[in-house]
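Here is the structure we will look at.
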Amino acid sequence: MKNSHSLLFAGLVLVTLSVSCSYAAKAPEPVLPVPTVQQVEWQQMERYAFIHYGLNTYTDAEWGYGNVSPEVFAPEKPDCRQWARVLAGAGMKGVILTAKHHDGFCLWPCTGTDYDIASSPYKGGKGDLVKELSEACREYGLRFGVYVSPWDRNRSDYGTESYVGYYRSQLKELLSGGYGDIFEVWLDGANGGDGWYGGADETRTIDRRTYYDFPAIDSLILALQPDAIIFSDGGPGCRWVGNERGIAGETNWSFLKGAEVYPGYPRFQELPSGHEDGDAWIPAECDVSIRPGWFWHADEDTLVKTPEQLLDLYFKSVGRNANFLLNVPVNRDGLISGADSASLYGFNELLAREFPCNLLQGSNVTVNVSSERGRDFRAENMTDGDVDTYWSVPDGTGAAYAEFVFGVPERLDKMVLQEYIPLGQRVVDFDVEYLSDGKWLPLDCGEETSTIGYKRILRFAPVTADGVRVIFKESRGPVCVSAVEAFLRH
Ligand code: FUL
């Protein structure tokens with residue numbers, strides 16, 4: 001009896017809904033795969049920092065062998081608040097710390113090993129840099145993440161089942177809440193090879209695909225930190241972009257064939273562009289260091305990337321539908337060096353100058369579109385500064401365009417395009433043009449204009465235009481465009 005009542009009730013609700021919906025067009029159906037809420041929020045972070053710090057900082061190494069004594073780790077005043085202050089001041093939205101790099105040394109007191117900060121002179125063995133940085137991040141409004149190398153060149157049991165248990169216990173310690181919310185867990189692909197391995201001093205190889213049972217590791221991580229994004233060559237939260245130069249493909253799909261790619265995937269040349277026919281939403285993250293190395297080395301103090309180089313990397317990562325993970329190594333004093341912070345601040349200032357004000361937002365701009373889906377999907381949604389609203393077209397629409405005509409000619413050197421990704425990544429091919437003397441001419445940005453995704457930024461030599469337009473030539477379903485913007489560097 002109860003059931004039939006609720007069925008009747010459900011039927012009435014459906015009728016009511018369909019009556020009220022007839023006044024407003026329905027949102028387009030999602031085109032799979034689509035991101036999780038957490039992946040959308042992660043993508044909106046756009047840029048955040050890596051910090052490589054540990055024994056290597058004091059031995060001038062990049063890949064510690066696992067045999068260096070923890071005695072070497074004796075910084076007098078490492079200042080995590082300085083790291084957070086500099087990074088937040090440079091516009092970064094989060095920090096990922098090498099809680100454990102390949103040498104196996106842990107920057108937190110780890111119960112399963114003595115190869116950790118508790119065995120070092122730092123704070124007389126009472127220090128915990130994971131805690132200190134997580135607290136500093138909270139103070140400065142940064143999200144906090146951890147790099148936990150699956151490879152461990154110190155452990156005698158590396159290569160056996162017992163090591164996998166140890167690795168899982170490390171993740172449990174880091175993710176169980178003592179360090180607060182973790183936005184990203186970084187699972188590096190370098191795995192297996194020579195190492196100290198408790199004195200065995202030999203080469204060990206593992207089957208990268210099966211040894212860890214990564215699906216079980218992912219479940220463990222998400223059970224403890226449901227909002228965390230898991231980075232690896234193949235996600236599942238986000239993927240390696242396939243190079244360590246910080247450069248995404250001009251064509252960049254946020255998809256992978258999920259079951260195919262795993263940490264240490266040999267066909268990493270596929271990763272800059274993703275798999276157009278992929279079945280899993282696994283967007284790209286571009287990791288790159290501000291210096292040649294990932295760890296700090298005195299002789300690289302003069303080789304810090306310039307603000308201009310960082311800006312270029314921003315355009316080649318965030319500007320191509322990827323996130324920008326910039327490594328800033330901490331030096332032997334336990335601080336971000338002056339050269340690095342100067343460059344970071346300079347980059348942040350350059351970035352502000354690139355995007356002074358959106359020329360398409362003025363009241364004297366007329367917007368014409370090929371068609372509109374309905375009142376909730378109007379053209380104005382592209383210029384309202386709100387990425388949660390979008391312009392869309394009726395189902396079955398082929399090519400579509402959006403045209404912006406200025407009241408007075410404007411000079412511009414950049415355009416920013418954004419798709420409404422909660423409904424999927426759709427655009428396959430597009431063109432941008434500008435209006436001059438009554439003619440539409442191509443805007444030559446020197447890149448493939450194929451995919452857009454969460455964000456695409458096109459740079460070109462400054463032009464004076466009476467208007468601009470975007471022609472969406474091919475799309476997986478009706479286009480859903482949340483922003484079109486135009487800028488001139490200040
Ligand atoms: C690589 C590692 O082998 C490097 O040492 C560094 O940590 C980089 C971010 O990832 O795969």
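Each chain in the structure tokens gets a letter, A, B, ..., in the order shown, and its residues are numbered from 1; ligands are numbered from 1 in order too.
If one restricts the calculation to only C-alpha atoms and all ligand atoms, the set of residues situated within 8 Å of ligand 1 consists of His52, Glu62, Trp63, Thr98, His101, His102, Asp188, Gly189, Ala190, Glu244, Asp287, Val288, Trp294 and Asn327 of chain A.
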Next on the checklist: Please extract the residues of region 193-279 of chain A with a backbone DSSP assignment of strand (DSSP E) and present them as a ChimeraX atom specification.
Outcome noted: /A:193-195,202-204,229-232,238-240,255-256
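The residue set within 9 Å of Ala27 (chain A), counting only C-alpha atoms and dropping same-chain residues fewer than 5 places from it, reads Arg373, Asp376, Phe377 and Ser392 of chain A.
Proximity ranking of A:Arg469, A:His297, A:Lys455, A:Arg153 relative to Val369 (chain A) places A:Arg469 first, based on only C-alpha atoms.
Nearest residue to Gly193 (chain A) among A:Tyr65, A:Tyr179, A:Trp42, A:Tyr122 is A:Tyr65, counting only C-alpha atoms.
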Checklist entry - With only C-alpha atoms as the atoms that count, which of A:Asn358, A:Thr366, A:Ser450, A:Gln225 lies nearest to Leu488 (chain A)? => result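 For Leu488 (chain A), the nearest of the candidates is A:Asn358.
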Next on the checklist: Just want the 10 Å neighbourhood of Val318 (chain A), counted on only C-alpha atoms, with same-chain residues fewer than 3 positions away dropped. Output as number ranges by chain.
Outcome noted: A: 43-47, 246-248, 284-286, 313-315, 321-325, 454-457
Item to check | Pick from A:Lys305, A:Glu372, A:Tyr434, A:Val72 nearest to Ser341 (chain A), counting only C-alpha atoms | outcome: A:Lys305
Need the shell around Phe268 (chain A): protein/DNA/RNA residues with any atom at most 12 Å away, counting only C-alpha atoms. Skip same-chain ones fewer than 3 positions apart. Format as a compact mmCIF listing (two decimals) with C-alpha atoms, in the first residue's frame?
```
# COMPACT_ATOMS: atom_id res chain seq x y z
CA GLY A 189 55.87 6.77 -12.14
CA SER A 232 49.69 9.29 -11.66
CA ASP A 233 50.55 8.66 -15.30
CA GLY A 234 47.01 7.38 -15.64
CA ARG A 239 47.30 12.48 -15.37
CA TRP A 240 50.95 13.26 -16.03
CA VAL A 241 51.26 15.37 -19.17
CA GLY A 242 54.00 13.11 -20.52
CA ASN A 243 56.96 15.50 -20.12
CA GLU A 244 58.65 17.43 -17.32
CA LEU A 256 42.14 8.59 -21.19
CA GLU A 260 45.23 1.19 -20.19
CA VAL A 261 47.42 3.74 -18.46
CA TYR A 262 49.21 3.03 -15.16
CA PRO A 263 52.18 4.57 -13.25
CA GLY A 264 55.25 3.96 -15.40
CA TYR A 265 53.18 3.67 -18.63
CA LEU A 271 49.71 11.87 -22.58
CA PRO A 272 50.14 15.51 -23.76
CA SER A 273 46.95 15.19 -25.83
CA GLY A 274 45.13 12.42 -23.96
CA HIS A 275 42.90 9.92 -25.74
```
Checklist entry - Which one of A:Gly54, A:Pro150, A:Gly199, A:Gly453 sits closest to Thr251 (chain A) if you count only C-alpha atoms? => result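 Closest residue, counting only C-alpha atoms: A:Gly453.
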Next on the checklist: Using DSSP assignments from the backbone, pull out every residue in region 108-353 of chain A that falls under helix (DSSP H, G or I) and give it to me as a PyMOL selection string.
Outcome noted: chain A and resi 117-119+122-125+129-140+161-175+197-199+214-224+268-270+298-303+307-317+338-353
Item to check | Of the listed residues A:Val463, A:Phe144, A:Ala25, A:Ser219, that which approaches Arg168 (chain A) most closely, counting only C-alpha atoms | outcome: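 For Arg168 (chain A), the nearest of the given residues is A:Ser219.
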Item to check | Close residues, Leu142 (chain A) itself excluded, 6 Å, only C-alpha atoms, min 5 positions apart in chain, as a PyMOL selection string | outcome: chain A and resi 93-94+137
Emit the selected residues as an mmCIF file, in the first residue's frame, including N, CA and C atoms.
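And here's again.cif as it stands now:
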```cif
data_model
loop_
_atom_site.group_PDB
_atom_site.id
_atom_site.type_symbol
_atom_site.label_atom_id
_atom_site.label_comp_id
_atom_site.auth_asym_id
_atom_site.auth_seq_id
_atom_site.Cartn_x
_atom_site.Cartn_y
_atom_site.Cartn_z
ATOM 1 N N LYS A 93 47.656 28.282 -5.629
ATOM 2 C CA LYS A 93 46.443 27.914 -4.890
ATOM 3 C C LYS A 93 46.657 26.711 -3.972
ATOM 4 N N GLY A 94 47.828 26.078 -4.069
ATOM 5 C CA GLY A 94 48.095 24.919 -3.221
ATOM 6 C C GLY A 94 49.562 24.557 -3.261
ATOM 7 N N CYS A 137 49.917 26.092 5.344
ATOM 8 C CA CYS A 137 49.016 26.197 4.191
ATOM 9 C C CYS A 137 47.637 26.668 4.635
#
```
Spatial neighbours of Pro462 (chain A), 12 Å, only C-alpha atoms, chain gap at least 5 places, as a PDB file with N, CA and C atoms, in the first residue's frame:
```pdb
ATOM      1  N   GLU A 410      38.740  48.042 -30.905  1.00  0.00           N
ATOM      2  CA  GLU A 410      39.545  47.681 -29.732  1.00  0.00           C
ATOM      3  C   GLU A 410      40.824  47.001 -30.194  1.00  0.00           C
ATOM      4  N   ARG A 411      41.878  47.199 -29.411  1.00  0.00           N
ATOM      5  CA  ARG A 411      43.122  46.482 -29.678  1.00  0.00           C
ATOM      6  C   ARG A 411      43.176  45.277 -28.746  1.00  0.00           C
ATOM      7  N   LEU A 412      43.571  44.130 -29.257  1.00  0.00           N
ATOM      8  CA  LEU A 412      43.613  42.929 -28.417  1.00  0.00           C
ATOM      9  C   LEU A 412      44.750  42.015 -28.858  1.00  0.00           C
ATOM     10  N   ASP A 413      45.250  41.198 -27.912  1.00  0.00           N
ATOM     11  CA  ASP A 413      46.319  40.258 -28.251  1.00  0.00           C
ATOM     12  C   ASP A 413      46.096  38.863 -27.655  1.00  0.00           C
ATOM     13  N   LYS A 414      44.918  38.661 -27.079  1.00  0.00           N
ATOM     14  CA  LYS A 414      44.638  37.345 -26.485  1.00  0.00           C
ATOM     15  C   LYS A 414      43.149  37.076 -26.456  1.00  0.00           C
ATOM     16  N   MET A 415      42.804  35.801 -26.563  1.00  0.00           N
ATOM     17  CA  MET A 415      41.424  35.401 -26.296  1.00  0.00           C
ATOM     18  C   MET A 415      41.433  34.204 -25.353  1.00  0.00           C
ATOM     19  N   TYR A 434      38.797  38.002 -36.526  1.00  0.00           N
ATOM     20  CA  TYR A 434      38.507  39.374 -36.083  1.00  0.00           C
ATOM     21  C   TYR A 434      37.957  40.174 -37.260  1.00  0.00           C
ATOM     22  N   LEU A 443      42.524  35.057 -36.892  1.00  0.00           N
ATOM     23  CA  LEU A 443      43.441  35.471 -35.820  1.00  0.00           C
ATOM     24  C   LEU A 443      44.485  34.368 -35.723  1.00  0.00           C
ATOM     25  N   ASP A 444      45.717  34.687 -36.051  1.00  0.00           N
ATOM     26  CA  ASP A 444      46.719  33.632 -36.136  1.00  0.00           C
ATOM     27  C   ASP A 444      47.464  33.476 -34.808  1.00  0.00           C
ATOM     28  N   CYS A 445      47.091  32.437 -34.064  1.00  0.00           N
ATOM     29  CA  CYS A 445      47.736  32.222 -32.765  1.00  0.00           C
ATOM     30  C   CYS A 445      48.877  31.217 -32.890  1.00  0.00           C
ATOM     31  N   ALA A 486      38.388  38.585 -24.249  1.00  0.00           N
ATOM     32  CA  ALA A 486      39.482  39.129 -25.072  1.00  0.00           C
ATOM     33  C   ALA A 486      40.248  40.140 -24.238  1.00  0.00           C
ATOM     34  N   PHE A 487      41.562  40.179 -24.428  1.00  0.00           N
ATOM     35  CA  PHE A 487      42.414  41.050 -23.604  1.00  0.00           C
ATOM     36  C   PHE A 487      43.521  41.672 -24.437  1.00  0.00           C
ATOM     37  N   LEU A 488      44.031  42.786 -23.906  1.00  0.00           N
ATOM     38  CA  LEU A 488      45.252  43.404 -24.433  1.00  0.00           C
ATOM     39  C   LEU A 488      46.214  43.581 -23.268  1.00  0.00           C
ATOM     40  N   ARG A 489      47.443  43.123 -23.423  1.00  0.00           N
ATOM     41  CA  ARG A 489      48.433  43.265 -22.343  1.00  0.00           C
ATOM     42  C   ARG A 489      48.585  44.742 -21.962  1.00  0.00           C
ATOM     43  N   HIS A 490      48.691  44.974 -20.684  1.00  0.00           N
ATOM     44  CA  HIS A 490      48.746  46.347 -20.171  1.00  0.00           C
ATOM     45  C   HIS A 490      50.179  46.867 -20.202  1.00  0.00           C
TER      46      HIS A 490
END
```
Item to check | Atomic separation - CA of Val481 (chain A) relative to CA of Glu29 (chain A), Å | outcome: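 Between CA of Glu29 (chain A) and CA of Val481 (chain A) the gap is 14.4 Å.
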Checklist entry - How many Å separate CA of Ala339 (chain A) from CA of Val146 (chain A)? => result 24.9 Å
